[in-house]
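What follows is one structure encoded as structure tokens, with my remarks underneath.
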Amino acid sequence: MTTGNGVSLAARGLTRVYRRGSEDIRALDGVSLQIRRGEFVSFMGTSGSGKTTLVNLLGCLDNPTSGELELAGRSIFGGGRALSERELTRIRREVFGYIFQNFYLIPTLTVRENVALPLAFYRKPGSEGEVERLLRLLGMEHRLDHLPGQISGGEMQRVAIARALVNRPEILLADEPTGNLDTQRSAEIGEILQDLNRSAGLTIVMVTHNPGLARLGGRLIEMRDGRLHEG
Amino acid sequence: MISRFQIAYKNLLRKKARTLLTLVGIMLSSWVLVSLLGFNRGYEAALNRDIDNMGYQLMVMAKGCPYEAATMMLQGGTGLRYIEQSMVDSIVHRSEVDKVTPILMQAFFDPDKGDGGGIAGYFGVDAETFPTMKPFFRFRQGGWFHDEQAAEAVMGYEAAELEQREVGDKILVPEKNVQLKVVGILERTGTQDDGTIFVPLKTLQKISGIDKITTIGIKVKKDADSAKLEAALYQLPDVQVVSFTQVKQTIMKLVATARVMVLSIAIIAMLIAMAGVVNTILMSVLERLQEIGILKTMGAMPGDIFILVWTETLILCSSGGVAGIGLAFVFARLSDILVRRVLPYAPGGELVAIDLKLALLTLAVIVVVGLLSGIYPAWKAGRVRPLESIRSEG
């Protein structure tokens with residue numbers, strides 16, 4: 001999914017305006033950036049700074065009000081046409097894996113079943129055997145048949161990471177992945193993400209409040225009032 | 001790996017009590033529905049069987065209410081008016097008539113029957129012609145009477161069971177203190193004959209002191225003009241003719257009203273159960289909005305989510321339906337007893353007839369109605385937008 005110049009994601013003038021009552025809220029204000037294949041980019045900022053809005057647009061979870069987005073040279077948003085939910089889903093399942101602050105594991109499914117869940121809806125070639133491989137890689141091989149209620153928060157996030165990676169995505173989007181974890185577990189998750197980026201060359205786009213976690217990425221971008229401030 | 005069916009099934013396990021209550025609702029409504037559909041077909045079949053097993057299609061009896069008389073006959077009661085036995089001769093020679101048999105029904109008060117006594121019914125039948133009307137009779141023990149004036153009795157299966165009689169036993173005709181020897185016990189026929197005690201006609205006439213008869217049973221020749229024969233029989237003095245086709249139609253009309261009412265109740269019960277299904281599935285969808293959003297981030301299309309939620313509905317309805325139909329099979333006898341209690345006239349044999357075909361038909365109805373009920377929650381789930389469901393901060 002990358003072009004010859006190695007650019008994975010390219011945004012130009014991305015703007016997102018929400019309407020709240022009679023007021024327009026400009027959550028994202030003409031953001032332009034490029035993320036190269038294999039980069040680990042962290043976005044930091046206060047609540048309401050627009051970082052999650054940006055990641056949602058980059059991850060094709062939402063349509064921008066204006067602006068353009070290219071994925072590996074292919075225009076996704078552009079010309080002012082909003083993509084349908086079906087079109088967005090098709091892109092998401094081909095390109096992205098997502099992890100969130102709340103792990104969103106299904107409580108009645110085992111660890112193994114939770115990780116295999118995406119394969120029930122879409123199976124990318126080469127995903128065979130990924131469930132066990134990823135759980136082994138993330139040190140969860142001894143918890144395969146446990147239910148989410150029987151494992152710790154850190155382990156739950158590892159399961160969520162394995163689930164996000166099971167269909168071999170190009171880009172992993174992480175929205176506050178350690179927001180519900182203590183310092184030690186946060187550090188463990190940070191190490192896992194760093195390792196995935198370095199050893200597997202996975203492109204990671206992360207939103208976090210945690211400065212320590214943010215510094216793990218090779219590129220740190222601060223957001224204020226819907227605009228980027230790259231250090 | 002995990003299939004969509006497993007995902008749907010395990011989703012239902014989250015709120016076990018709610019799922020169980022919904023299942024019970026569907027189960028009960030399926031039970032009622034299949035039992036009623038079984039009754040719908042069973043009652044008519046049983047009535048037809050009873051009438052066919054009478055052996056004759058027409059009855060001639062003394063004037064009175066023909067339906068009351070016919071019903072009394074079907075129930076083994078007595079017609080209290082009599083006709084001359086010589087009338088048999090004026091009927092038997094008609095060209096439309098195949099066979100004729102005279103019958104005398106008598107009832108005596110038996111103080112030992114039940115709590116506080118009861119009526120014991122006896123059928124005086126002609127040993128020569130009556131058995132030819134009932135060629136399907138099979139004897140468990142013994143056989144028909146030895147001669148037309150013998151002090152003998154043939155007992156129906158249930159009558160013998162009730163009194164614990166064997167061939168060779170003596171039975172006492174109440175009020176008259178006359179002993180009869182049991183010479184035959186019939187196999188079960190599933191009709192009112194099972195509860196009847198048959199006695200030679202002349203013997204019963206002698207015991208009761210009546211030299212007349214109550215009924216003439218007439219078997220009409222195949223392809224003969226039954227209506228023409230009926231018209232001719234009405235020319236006989238002081239008699240009425242009962243056609244069992246008419247009796248059947250009248251009874252079916254009476255039962256139809258009750259059937260419509262009960263069927264309406266069944267439909268209402270089913271609608272309530274289905275409202276329960278909508279509620280359960282919709283609640284389950286609303287509680288899982290975030291998860292559904294996550295499934296969409298994983299690549300689930302709106303149609304996938306629709307099918308997933310619809311599968312949950314399918315599992316609920318088919319499990320509840322199968323359980324309800326199973327219960328209907330197991331408790332068919334109980335349903336039979338309950339139905340008999342509320343009906344003015346219930347023929348012998350199986351009233352609630354449930355077979356595999358009916359069970360599958362009922363299951364199909366439950367599943368189709370269930371799937372229709374599941375459309376709205378499934379559609380709502382399919383429309384969930386991932387961003388809206390998982391948004392936490394901007």
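Going through the structure tokens in order, the chains are called A, B, and so on, while each chain numbers its residues from 1 and the ligands are numbered from 1 in the order shown.
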
Kindly assemble as a Markdown table a list of the chain B residues that lie within 6 Å of chain A, each paired with its nearest atom pair and their distance in Å to one decimal, using only C-alpha atoms, sorted first by chain and then by ascending residue number.
```
| residue | atom | partner | partner_atom | distance |
| --- | --- | --- | --- | --- |
| B:Met1 | CA | A:Ala116 | CA | 5.8 |
| B:Ile2 | CA | A:Glu113 | CA | 6.0 |
| B:Ser3 | CA | A:Ala120 | CA | 5.8 |
| B:Lys10 | CA | A:Thr108 | CA | 5.8 |
| B:Met298 | CA | A:Pro118 | CA | 5.4 |
| B:Gly299 | CA | A:Arg93 | CA | 4.5 |
| B:Ala300 | CA | A:Phe121 | CA | 5.3 |
| B:Leu387 | CA | A:Leu61 | CA | 5.8 |
| B:Gly394 | CA | A:Gly48 | CA | 4.7 |
```

DSSP strand (DSSP E or B) residues within range 32-128 of chain A, as an MDAnalysis selection string: chainID A and resid 32:36 40:45 66:71 74:77 96:100

Counting only C-alpha atoms, which residue out of A:Gly6, A:Gly45, A:Gly67, A:Gly13 sits closest to Arg224 in chain A?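 The shortest atom-to-atom distance to Arg224 in chain A comes from A:Gly45.
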
Do a neighbour search on Pro200 in chain B at 12 Å with only C-alpha atoms, toss out local chain neighbours closer than 2 positions, and write the hits as a VMD selection string. chain B and resid 102 to 105 122 to 131 144 to 154 180 to 183 197 to 198 202 to 207

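Between CA of Gly349 in chain B and CA of Gly55 in chain B lies a distance of 16.5 Å.
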
Give me, as a compact mmCIF listing (two decimals) with C-alpha atoms, in the first residue's frame, the residues of range 2-191 of chain A that a backbone DSSP run labels helix (DSSP H, G or I).
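Wrote it out as states-v9.txt, contents follow:
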```txt
# COMPACT_ATOMS: atom_id res chain seq x y z
CA LYS A 51 -5.94 14.76 17.78
CA THR A 52 -8.61 12.05 17.89
CA THR A 53 -10.54 13.80 15.12
CA LEU A 54 -7.39 13.73 12.98
CA VAL A 55 -6.72 10.07 13.69
CA ASN A 56 -10.35 9.24 12.90
CA LEU A 57 -10.01 10.93 9.53
CA LEU A 58 -6.63 9.34 8.80
CA GLU A 85 -20.10 3.64 5.25
CA ARG A 86 -19.63 0.65 2.94
CA GLU A 87 -16.74 2.33 1.07
CA LEU A 88 -15.10 3.38 4.34
CA THR A 89 -15.40 -0.16 5.71
CA ARG A 90 -13.81 -1.60 2.56
CA ILE A 91 -10.79 0.70 2.99
CA ARG A 92 -10.55 0.12 6.75
CA ARG A 93 -10.44 -3.64 6.53
CA GLU A 94 -7.78 -3.59 3.81
CA VAL A 95 -5.43 -1.06 5.41
CA VAL A 111 -9.04 -14.66 24.10
CA ARG A 112 -8.49 -16.79 20.99
CA GLU A 113 -12.03 -16.10 19.71
CA ASN A 114 -11.72 -12.35 20.32
CA VAL A 115 -8.54 -12.22 18.27
CA ALA A 116 -10.14 -14.31 15.50
CA LEU A 117 -13.25 -12.10 15.45
CA PRO A 118 -12.26 -9.92 12.44
CA LEU A 119 -11.67 -13.08 10.37
CA ALA A 120 -15.37 -13.93 10.69
CA GLU A 130 -2.07 -15.42 12.64
CA VAL A 131 -4.21 -15.79 15.78
CA GLU A 132 -1.87 -18.18 17.52
CA ARG A 133 1.28 -16.51 16.14
CA LEU A 134 0.26 -13.07 17.40
CA LEU A 135 -0.86 -14.31 20.79
CA ARG A 136 2.46 -16.11 21.14
CA LEU A 137 4.31 -12.97 20.03
CA GLU A 141 -0.23 -18.16 24.58
CA HIS A 142 -1.08 -19.36 28.11
CA ARG A 143 -4.37 -17.43 28.10
CA PRO A 148 -11.67 -11.33 29.10
CA GLY A 149 -13.02 -11.21 32.65
CA GLN A 150 -10.29 -13.64 33.70
CA GLY A 153 -6.12 -4.90 31.85
CA GLY A 154 -2.66 -5.10 30.32
CA GLU A 155 -3.43 -8.54 28.94
CA MET A 156 -6.73 -7.28 27.57
CA GLN A 157 -4.90 -4.59 25.60
CA ARG A 158 -2.45 -7.20 24.29
CA VAL A 159 -5.46 -9.20 23.07
CA ALA A 160 -6.87 -6.04 21.46
CA ILE A 161 -3.51 -5.45 19.73
CA ALA A 162 -3.49 -9.04 18.44
CA ARG A 163 -7.05 -8.58 17.17
CA ALA A 164 -6.05 -5.37 15.38
CA LEU A 165 -3.14 -7.12 13.68
CA THR A 183 2.34 2.83 34.69
CA GLN A 184 3.91 -0.60 34.49
CA ARG A 185 1.30 -2.00 32.08
CA SER A 186 1.51 1.20 30.01
CA ALA A 187 5.24 0.73 29.65
CA GLU A 188 4.73 -2.89 28.57
CA ILE A 189 2.23 -1.89 25.90
CA GLY A 190 4.58 0.88 24.77
CA GLU A 191 7.40 -1.65 24.37
```

One decimal, Å: what's the distance from CA of Ser284 in chain B over to CA of Val369 in chain B, could you say? 19.2 Å

Close residues, Met27 in chain B itself excluded, 9 Å, only C-alpha atoms, min 5 positions apart in chain, as a tab-separated table (two decimals) with C-alpha atoms, in the first residue's frame:
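Okay, this is what ended up in part05.tsv:
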```tsv
chain	number	residue	atom	x	y	z
B	22	THR	CA	-37.65	-14.68	25.90
B	32	VAL	CA	-50.10	-23.38	22.24
B	273	ALA	CA	-43.77	-13.51	22.37
B	317	CYS	CA	-36.99	-18.36	17.71
B	319	SER	CA	-34.72	-22.91	19.92
B	320	GLY	CA	-37.92	-21.64	21.56
B	321	GLY	CA	-40.00	-23.11	18.74
B	322	VAL	CA	-38.34	-26.54	18.92
B	323	ALA	CA	-38.67	-26.59	22.72
B	324	GLY	CA	-42.35	-25.60	22.53
B	325	ILE	CA	-43.13	-28.19	19.87
B	327	LEU	CA	-43.40	-29.93	24.92
```

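Nearest residue to Val352 in chain B, choosing from B:Phe39, B:Ile7, B:Val24, B:Asp115 and counting only C-alpha atoms: B:Phe39.
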
Taking only C-alpha atoms into account, name the residue in B:Ile91, B:Ala17, B:Val342, B:Leu351 that is nearest to Val262 in chain B. B:Val342

Can you pull out every residue within 9 Å of Phe77 in chain A, counting only C-alpha atoms, but drop anything in the same chain fewer than 5 positions away, and send it as a PyMOL selection string? chain A and resi 63-64+66-70+82-83

The selected residues should be written to file as a PDB file, in the first residue's frame (atoms: C-alpha atoms).
```
ATOM      1  CA  ASN A  63     -15.372  11.930   6.327  1.00  0.00           C
ATOM      2  CA  PRO A  64     -13.667  15.354   6.425  1.00  0.00           C
ATOM      3  CA  SER A  66     -12.987  19.491   3.307  1.00  0.00           C
ATOM      4  CA  GLY A  67      -9.493  18.530   2.321  1.00  0.00           C
ATOM      5  CA  GLU A  68      -7.877  15.530   0.740  1.00  0.00           C
ATOM      6  CA  LEU A  69      -6.436  12.260   1.935  1.00  0.00           C
ATOM      7  CA  GLU A  70      -4.273   9.880  -0.039  1.00  0.00           C
ATOM      8  CA  ALA A  82     -18.255  11.898   1.217  1.00  0.00           C
ATOM      9  CA  LEU A  83     -17.615   8.156   1.172  1.00  0.00           C
TER      10      LEU A  83
END
```
